[in-house]
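Notes for the one structure printed next.
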Amino acid sequence: MSHMVIRIQSPEHGTKRLDVKSSDNVTAFLEKVQELFLLGDTGWELYKERNKKDFIRASRSKKLSDYQIKHGDMLYMEVSQSRRPTAVADTASYSNHSSETGLASLVPDVVEDEVDRLLREEDGKIYRNRNDQLCRHGPQGKCLHCVPLEPYDREFLSKCDPPIKFLSFHSYIRKLTGGVDKGKFVNLENLSCKIKPGCKEHPPWPGGICTKCQPSAVTLNRQEYRHVDNIMFENPAVADRFLNYWRFSGCQRIGILFGRYEMFKDVPLGIRARVAAIYEPPQKTSVNKIELLPDPKEVLVVAAAEKMGLRPVGWIFTDLVADDLSKGTVKNFRGNIDSHFLSAEECIMAADFQSRFTNPCKLSPDGHFGSKFVTVVVTGDNDNQIHFEGYQVSNQCMALVRDDCFVPTKDVPQLGYIKESSNEQYVPDVFYKDKDSYGNEVTHIARPLPVEYLLVTIPAAFASDFHYTFKSNIQLESFPVENREHVGQTQDFAALTSYLEKFLPEKFLEAMSDFHLLMFLATSDMLPLKEKMEILFEAVKNHDERRALEFKKTEEWATVEEMMSANGSSGSSSAMPGISRPGEDSSQSGSLWTCAHCTFLNQAIHNTCEMCSLPHS
């Protein structure tokens, strides 16, 4: 049983040495070669001669000595051009930032989302069982009918039920780095439609332009991948509270989806957006129009949600018109051959949101590429039932909107328009390809532009096994939703008192486990709770009764309870004594009283302050 050193030469990996025994069987030897070169199960072959003669076939019965392989011999590896040698090497070059090849050496300091870091460590292979009809090998062998597939294998994806039309983003990355060059010449570069600044060879636009600073013409392609593969509302109450606004008023509504991104096993290397709550920013609404208003609380809301492990993952809007009130049906305006999926104006808004919430990516020189921010439309389906549809716009659309090149048309919602160059702005030519009546591919200038070229569809549904991040979604009682004053739902001190009176003292954590209540407490200037809210956020996030009790025992919450107690007593009395400022005469103090909290002068007939809603005490 003599030891040997065998040299193996590969055009991709150079020459490596392997210590073996002459008594090793050929299969064991090939497995050592596979491990040494980080190879996959298929896509490579080993020969004794450089000219592909004397193929070394796997066999557990034959030994190396049967092939007359001796100490110091050179063997030659041949790698298939259609397949990268290994998924392990894919992951290695794609995650090792010191690699000289591949995409990953570009921006090593970017902090990616946790779900991206987890997916990068995944093997990603699609494993298949042995096919009893087609496989002719033993239980330990592999052949073309049962060898693991790459996550971007189109034939497999098309046969799924339902078919997977778009690659997941990480499958797309594996595809880019799946060639022999390991993605060395591929670059995830964000499209720019603006003139490069700082060119000194001519006057600034419109005085001149050159090939160095001029943006290239854009040919729109339907995006083959998507950054999010599924949208899931973790329980029906999340969406139901949002839809109640339309049920009360008949007006449309916009909300921001708060949740988290997680791995989605139904799509190879997929990502799912799990929605736990919907925040409703300030807005003007009508039956057929919504106008978003500036939100002074936006930063506080995002920071508060982050303390509970949540973040903005998308936006949602309604497009509902009642059809038959007795049946609860709604009209179907979207998603059929005679209508549109998203209007150009909605695509522009989606692109604007996606540009605000970009996807951190180490593989792009900009440190970001695309976005995971999703769009959900609530509308009627073909059966006139309320239906949720998920979308994203392509990275090309994000660039066109970000650089102010894309505008909606006046009369046709499914058509947008690429602006023409003016003295104020240079706009590159934008084209899209279509087929004519004879089946020939024809290139069109994007004036106008069908927005279907910009859309990526995403399934949106409810969890089959309900999960409740916020326990209030289980209960009948809930705190009013923010920014609904014009439909009679007001978040104020009286609403807080009324809400908490419905819970027993031992149900304090359940009472606090309401997203809209927590946002009210975290952003309210009239309540002294901001310094202690982190304790409550932690208690709700972990459903921790002990931490909730710790918050309840703070001086700040005791102050709020005293104020609620005073508010309850003021509600039962017919009159409250007036409080006058120094220097006020008795006639003025008899008709007005000054709020001790915000100093607003109130009429004597009011028991609570008109400005801050706190009780007269």
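Letters A, B, ... mark the chains of the structure tokens in the order given; residue numbers begin at 1 per chain; ligand numbers begin at 1, in order shown.
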Do you know which residues are at most 6 Å from Phe406 in chain A counting only C-alpha atoms, after dropping those on the same chain fewer than 6 positions away, and could you put them as JSON, numbers by chain?
-> {"A": [400, 417, 418]}
Write out, as a PDB file, in the first residue's frame, the residues just selected, with all heavy atoms.
ATOM      1  N   LEU A 400     -35.028  55.813 -14.454  1.00  0.00           N
ATOM      2  CA  LEU A 400     -35.746  56.794 -15.279  1.00  0.00           C
ATOM      3  C   LEU A 400     -36.516  57.783 -14.424  1.00  0.00           C
ATOM      4  O   LEU A 400     -36.563  58.986 -14.726  1.00  0.00           O
ATOM      5  CB  LEU A 400     -36.703  56.067 -16.231  1.00  0.00           C
ATOM      6  CG  LEU A 400     -36.068  55.227 -17.347  1.00  0.00           C
ATOM      7  CD1 LEU A 400     -37.131  54.433 -18.087  1.00  0.00           C
ATOM      8  CD2 LEU A 400     -35.294  56.114 -18.316  1.00  0.00           C
ATOM      9  N   TYR A 417     -44.470  58.183 -20.692  1.00  0.00           N
ATOM     10  CA  TYR A 417     -43.853  58.955 -21.769  1.00  0.00           C
ATOM     11  C   TYR A 417     -42.454  59.376 -21.337  1.00  0.00           C
ATOM     12  O   TYR A 417     -42.261  59.858 -20.209  1.00  0.00           O
ATOM     13  CB  TYR A 417     -44.703  60.197 -22.082  1.00  0.00           C
ATOM     14  CG  TYR A 417     -44.414  60.847 -23.407  1.00  0.00           C
ATOM     15  CD1 TYR A 417     -45.034  60.390 -24.565  1.00  0.00           C
ATOM     16  CD2 TYR A 417     -43.505  61.905 -23.503  1.00  0.00           C
ATOM     17  CE1 TYR A 417     -44.779  60.985 -25.798  1.00  0.00           C
ATOM     18  CE2 TYR A 417     -43.248  62.513 -24.728  1.00  0.00           C
ATOM     19  CZ  TYR A 417     -43.880  62.038 -25.869  1.00  0.00           C
ATOM     20  OH  TYR A 417     -43.628  62.622 -27.090  1.00  0.00           O
ATOM     21  N   ILE A 418     -41.477  59.162 -22.211  1.00  0.00           N
ATOM     22  CA  ILE A 418     -40.112  59.608 -21.947  1.00  0.00           C
ATOM     23  C   ILE A 418     -39.967  61.043 -22.434  1.00  0.00           C
ATOM     24  O   ILE A 418     -40.258  61.350 -23.597  1.00  0.00           O
ATOM     25  CB  ILE A 418     -39.089  58.691 -22.635  1.00  0.00           C
ATOM     26  CG1 ILE A 418     -39.214  57.262 -22.114  1.00  0.00           C
ATOM     27  CG2 ILE A 418     -37.676  59.209 -22.400  1.00  0.00           C
ATOM     28  CD1 ILE A 418     -38.968  57.092 -20.644  1.00  0.00           C
TER      29      ILE A 418
END
Would you list the contacts of range 300-303 of chain A as a PyMOL selection string, taking every protein, DNA or RNA residue within 10 Å and counting only C-alpha atoms, but skipping same-chain residues closer than 3 positions in sequence?
-> chain A and resi 258+279+295-297+306-308+310-312+518-520+522-523
Write the residues of the selection above to a file with all heavy atoms, as a short mmCIF file (atom, residue, chain, number, x, y, z; two decimals), in the first residue's frame.
data_model
loop_
_atom_site.label_atom_id
_atom_site.label_comp_id
_atom_site.auth_asym_id
_atom_site.auth_seq_id
_atom_site.Cartn_x
_atom_site.Cartn_y
_atom_site.Cartn_z
N PHE A 258 -45.18 47.73 7.36
CA PHE A 258 -44.06 47.49 8.28
C PHE A 258 -43.95 45.99 8.54
O PHE A 258 -44.95 45.33 8.80
CB PHE A 258 -44.26 48.24 9.60
CG PHE A 258 -43.81 49.68 9.54
CD1 PHE A 258 -44.66 50.67 9.06
CD2 PHE A 258 -42.53 50.04 9.95
CE1 PHE A 258 -44.26 51.98 8.99
CE2 PHE A 258 -42.12 51.36 9.90
CZ PHE A 258 -42.98 52.34 9.42
N TYR A 279 -48.99 51.32 8.64
CA TYR A 279 -49.02 52.69 9.15
C TYR A 279 -49.63 53.59 8.08
O TYR A 279 -49.29 53.48 6.90
CB TYR A 279 -47.61 53.14 9.50
CG TYR A 279 -47.49 54.61 9.85
CD1 TYR A 279 -47.89 55.07 11.10
CD2 TYR A 279 -47.00 55.52 8.93
CE1 TYR A 279 -47.79 56.42 11.42
CE2 TYR A 279 -46.88 56.87 9.24
CZ TYR A 279 -47.28 57.31 10.49
OH TYR A 279 -47.18 58.64 10.79
N ASP A 295 -45.11 64.10 6.44
CA ASP A 295 -45.34 63.43 7.72
C ASP A 295 -44.26 63.84 8.71
O ASP A 295 -43.13 63.36 8.64
CB ASP A 295 -45.32 61.91 7.53
CG ASP A 295 -45.70 61.16 8.80
OD1 ASP A 295 -46.05 61.83 9.79
OD2 ASP A 295 -45.67 59.91 8.79
N PRO A 296 -44.58 64.74 9.65
CA PRO A 296 -43.56 65.18 10.61
C PRO A 296 -43.11 64.07 11.57
O PRO A 296 -42.08 64.18 12.22
CB PRO A 296 -44.26 66.31 11.37
CG PRO A 296 -45.72 66.03 11.22
CD PRO A 296 -45.88 65.39 9.88
N LYS A 297 -43.90 62.98 11.65
CA LYS A 297 -43.57 61.89 12.59
C LYS A 297 -42.85 60.73 11.92
O LYS A 297 -42.58 59.72 12.56
CB LYS A 297 -44.85 61.38 13.25
CG LYS A 297 -45.58 62.42 14.09
CD LYS A 297 -46.82 61.83 14.74
CE LYS A 297 -47.53 62.85 15.62
NZ LYS A 297 -48.74 62.27 16.26
N GLU A 306 -38.26 50.09 14.35
CA GLU A 306 -36.98 49.39 14.31
C GLU A 306 -36.64 48.76 15.66
O GLU A 306 -36.02 47.70 15.73
CB GLU A 306 -35.88 50.36 13.89
CG GLU A 306 -34.55 49.69 13.58
CD GLU A 306 -33.53 50.67 13.04
OE1 GLU A 306 -33.94 51.74 12.55
OE2 GLU A 306 -32.33 50.39 13.13
N LYS A 307 -37.06 49.41 16.75
CA LYS A 307 -36.81 48.86 18.09
C LYS A 307 -37.57 47.55 18.29
O LYS A 307 -37.21 46.75 19.15
CB LYS A 307 -37.25 49.87 19.15
CG LYS A 307 -36.51 51.19 19.12
CD LYS A 307 -35.11 51.07 19.68
CE LYS A 307 -34.34 52.38 19.60
NZ LYS A 307 -34.98 53.49 20.30
N MET A 308 -38.61 47.33 17.49
CA MET A 308 -39.38 46.08 17.60
C MET A 308 -39.03 45.10 16.48
O MET A 308 -39.74 44.14 16.24
CB MET A 308 -40.88 46.40 17.59
CG MET A 308 -41.35 47.17 18.79
SD MET A 308 -43.12 47.54 18.76
CE MET A 308 -43.19 48.83 17.52
N LEU A 310 -38.91 45.76 13.24
CA LEU A 310 -39.71 45.99 12.04
C LEU A 310 -39.10 47.13 11.22
O LEU A 310 -38.40 47.98 11.75
CB LEU A 310 -41.16 46.32 12.39
CG LEU A 310 -41.89 45.30 13.25
CD1 LEU A 310 -43.29 45.81 13.58
CD2 LEU A 310 -41.98 43.95 12.55
N ARG A 311 -39.43 47.14 9.94
CA ARG A 311 -38.94 48.19 9.05
C ARG A 311 -39.95 48.39 7.93
O ARG A 311 -40.79 47.51 7.69
CB ARG A 311 -37.59 47.78 8.47
CG ARG A 311 -37.67 46.48 7.69
CD ARG A 311 -36.33 45.96 7.24
NE ARG A 311 -35.75 46.81 6.21
CZ ARG A 311 -34.61 46.52 5.57
NH1 ARG A 311 -33.95 45.41 5.89
NH2 ARG A 311 -34.15 47.30 4.64
N PRO A 312 -39.90 49.51 7.21
CA PRO A 312 -40.79 49.66 6.05
C PRO A 312 -40.38 48.68 4.95
O PRO A 312 -39.24 48.69 4.50
CB PRO A 312 -40.56 51.11 5.61
CG PRO A 312 -39.93 51.80 6.77
CD PRO A 312 -39.13 50.74 7.48
N LEU A 518 -48.77 52.04 20.11
CA LEU A 518 -47.35 52.24 20.39
C LEU A 518 -46.79 53.43 19.62
O LEU A 518 -45.99 54.21 20.14
CB LEU A 518 -46.57 50.97 20.04
CG LEU A 518 -46.84 49.77 20.94
CD1 LEU A 518 -46.26 48.50 20.32
CD2 LEU A 518 -46.26 50.00 22.33
N MET A 519 -47.25 53.61 18.38
CA MET A 519 -46.78 54.77 17.61
C MET A 519 -47.30 56.07 18.20
O MET A 519 -46.61 57.09 18.21
CB MET A 519 -47.24 54.64 16.14
CG MET A 519 -46.60 53.48 15.39
SD MET A 519 -44.79 53.49 15.40
CE MET A 519 -44.44 52.18 16.57
N PHE A 520 -48.53 56.04 18.72
CA PHE A 520 -49.09 57.23 19.38
C PHE A 520 -48.28 57.58 20.63
O PHE A 520 -47.92 58.73 20.85
CB PHE A 520 -50.55 56.97 19.74
CG PHE A 520 -51.16 58.02 20.64
CD1 PHE A 520 -51.40 59.30 20.18
CD2 PHE A 520 -51.50 57.71 21.96
CE1 PHE A 520 -51.96 60.27 21.02
CE2 PHE A 520 -52.05 58.67 22.79
CZ PHE A 520 -52.29 59.95 22.31
N ALA A 522 -45.20 56.75 21.31
CA ALA A 522 -43.81 57.07 20.98
C ALA A 522 -43.65 58.44 20.34
O ALA A 522 -42.57 59.04 20.40
CB ALA A 522 -43.24 56.01 20.06
N THR A 523 -44.71 58.96 19.73
CA THR A 523 -44.60 60.23 19.00
C THR A 523 -45.36 61.37 19.65
O THR A 523 -45.30 62.50 19.17
CB THR A 523 -45.12 60.06 17.56
OG1 THR A 523 -46.50 59.64 17.59
CG2 THR A 523 -44.30 59.01 16.81
#
Of the residues A:Asp366, A:Asp266, A:Asp116, A:Glu45, which is the one nearest to His227 in chain A, using only C-alpha atoms?
->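 Answer, going by the shortest atom-to-atom distance: A:Asp116.
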In range 325-557 of chain A, DSSP strand (DSSP E or B) residues written as a VMD selection string = chain A and resid 329 to 330 334 340 360 368 374 to 380 386 to 393 406 to 408 415 to 418 430 to 435 441 to 445 449 to 450 455 to 458 460 to 462 484 489
Find the residues around range 354-362 of chain A up to 6 Å (only C-alpha atoms counted), leave out those fewer than 5 positions away in its own chain, and share them as a compact mmCIF listing (two decimals) with C-alpha atoms, in the first residue's frame.
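result.txt, written as the output of this step:
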# COMPACT_ATOMS: atom_id res chain seq x y z
CA VAL A 107 -17.48 47.29 -1.95
CA PRO A 108 -16.58 45.21 1.13
CA VAL A 110 -21.50 47.70 2.91
CA GLU A 112 -26.25 44.07 3.86
CA GLY A 367 -23.01 49.94 -2.46
CA HIS A 368 -26.67 49.45 -3.41
CA PHE A 369 -28.56 47.79 -6.25
CA GLY A 370 -32.31 47.76 -6.80
CA SER A 371 -34.75 47.66 -3.90
CA PHE A 373 -39.56 47.78 -1.28
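Interatomic distance, CA of Arg547 in chain A against CA of Phe493 in chain A: 23.9 Å.
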Could you please write out, as JSON, numbers by chain, every residue of range 467-547 of chain A that DSSP assigns to alpha helix (DSSP H)?
-> {"A": [493, 494, 495, 496, 497, 498, 499, 500, 508, 509, 510, 511, 512, 515, 516, 517, 518, 519, 520, 521, 522, 523, 533, 534, 535, 536, 537, 538, 539, 540, 541, 542, 545, 546, 547]}
Residues near Ala539 in chain A, anyone? I mean within 10 Å using only C-alpha atoms, not counting same-chain ones fewer than 5 positions away, as a PDB file with N, CA, C and O atoms, in the first residue's frame.
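Result written to part38.pdb:
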ATOM      1  N   MET A 308     -38.613  47.327  17.492  1.00  0.00           N
ATOM      2  CA  MET A 308     -39.377  46.081  17.602  1.00  0.00           C
ATOM      3  C   MET A 308     -39.026  45.099  16.482  1.00  0.00           C
ATOM      4  O   MET A 308     -39.744  44.136  16.243  1.00  0.00           O
ATOM      5  N   LEU A 509     -49.936  43.909  29.086  1.00  0.00           N
ATOM      6  CA  LEU A 509     -49.121  43.655  27.897  1.00  0.00           C
ATOM      7  C   LEU A 509     -49.989  43.500  26.654  1.00  0.00           C
ATOM      8  O   LEU A 509     -49.654  44.016  25.587  1.00  0.00           O
ATOM      9  N   MET A 512     -51.090  46.889  25.502  1.00  0.00           N
ATOM     10  CA  MET A 512     -50.012  47.655  24.888  1.00  0.00           C
ATOM     11  C   MET A 512     -49.580  47.091  23.531  1.00  0.00           C
ATOM     12  O   MET A 512     -48.937  47.782  22.745  1.00  0.00           O
ATOM     13  N   SER A 513     -49.915  45.838  23.263  1.00  0.00           N
ATOM     14  CA  SER A 513     -49.467  45.178  22.042  1.00  0.00           C
ATOM     15  C   SER A 513     -50.353  45.569  20.857  1.00  0.00           C
ATOM     16  O   SER A 513     -51.045  44.751  20.254  1.00  0.00           O
ATOM     17  N   MET A 533     -39.882  54.339  26.441  1.00  0.00           N
ATOM     18  CA  MET A 533     -40.591  53.514  25.460  1.00  0.00           C
ATOM     19  C   MET A 533     -39.797  52.285  25.032  1.00  0.00           C
ATOM     20  O   MET A 533     -40.373  51.264  24.638  1.00  0.00           O
ATOM     21  N   GLU A 534     -38.488  52.358  25.123  1.00  0.00           N
ATOM     22  CA  GLU A 534     -37.672  51.232  24.679  1.00  0.00           C
ATOM     23  C   GLU A 534     -37.982  49.975  25.505  1.00  0.00           C
ATOM     24  O   GLU A 534     -37.940  48.857  24.991  1.00  0.00           O
ATOM     25  N   ASP A 544     -42.927  39.764  26.526  1.00  0.00           N
ATOM     26  CA  ASP A 544     -42.296  39.593  27.833  1.00  0.00           C
ATOM     27  C   ASP A 544     -43.126  40.304  28.908  1.00  0.00           C
ATOM     28  O   ASP A 544     -43.121  41.539  29.004  1.00  0.00           O
ATOM     29  N   GLU A 545     -43.848  39.532  29.720  1.00  0.00           N
ATOM     30  CA  GLU A 545     -44.682  40.096  30.778  1.00  0.00           C
ATOM     31  C   GLU A 545     -43.834  40.835  31.826  1.00  0.00           C
ATOM     32  O   GLU A 545     -44.246  41.868  32.358  1.00  0.00           O
ATOM     33  N   ARG A 546     -42.649  40.309  32.108  1.00  0.00           N
ATOM     34  CA  ARG A 546     -41.803  40.931  33.135  1.00  0.00           C
ATOM     35  C   ARG A 546     -41.365  42.337  32.717  1.00  0.00           C
ATOM     36  O   ARG A 546     -41.431  43.273  33.516  1.00  0.00           O
ATOM     37  N   ARG A 547     -40.951  42.491  31.461  1.00  0.00           N
ATOM     38  CA  ARG A 547     -40.541  43.817  30.993  1.00  0.00           C
ATOM     39  C   ARG A 547     -41.730  44.767  30.909  1.00  0.00           C
ATOM     40  O   ARG A 547     -41.609  45.969  31.167  1.00  0.00           O
ATOM     41  N   ALA A 548     -42.890  44.247  30.549  1.00  0.00           N
ATOM     42  CA  ALA A 548     -44.087  45.088  30.512  1.00  0.00           C
ATOM     43  C   ALA A 548     -44.423  45.601  31.913  1.00  0.00           C
ATOM     44  O   ALA A 548     -44.799  46.769  32.082  1.00  0.00           O
ATOM     45  N   LEU A 549     -44.290  44.734  32.922  1.00  0.00           N
ATOM     46  CA  LEU A 549     -44.537  45.146  34.308  1.00  0.00           C
ATOM     47  C   LEU A 549     -43.506  46.190  34.752  1.00  0.00           C
ATOM     48  O   LEU A 549     -43.838  47.129  35.484  1.00  0.00           O
ATOM     49  N   GLU A 550     -42.271  46.035  34.284  1.00  0.00           N
ATOM     50  CA  GLU A 550     -41.228  47.013  34.607  1.00  0.00           C
ATOM     51  C   GLU A 550     -41.591  48.394  34.053  1.00  0.00           C
ATOM     52  O   GLU A 550     -41.409  49.411  34.720  1.00  0.00           O
ATOM     53  N   PHE A 551     -42.138  48.414  32.831  1.00  0.00           N
ATOM     54  CA  PHE A 551     -42.570  49.691  32.248  1.00  0.00           C
ATOM     55  C   PHE A 551     -43.747  50.271  33.025  1.00  0.00           C
ATOM     56  O   PHE A 551     -43.815  51.482  33.276  1.00  0.00           O
TER      57      PHE A 551
END
Which of A:Ala351, A:Val393, A:Ala461, A:Cys146 sits closest to Arg274 in chain A [using only C-alpha atoms] |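 Comparing A:Ala351, A:Val393, A:Ala461, A:Cys146 against Arg274 in chain A, the winner is A:Ala461.
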Report the distance between CA of Glu121 in chain A and CA of Arg222 in chain A in Å, rounded to one decimal place.
->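 If I compute the distance from CA of Glu121 in chain A to CA of Arg222 in chain A, I get 28.6 Å.
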re CA of Asn235 in chain A and CA of Lys471 in chain A: distance 10.8 Å
Write out as a ChimeraX atom specification which residues come within 7 Å of range 281-284 of chain A when counting only C-alpha atoms, dropping same-chain ones fewer than 5 positions away.
-> /A:255,290-295,483
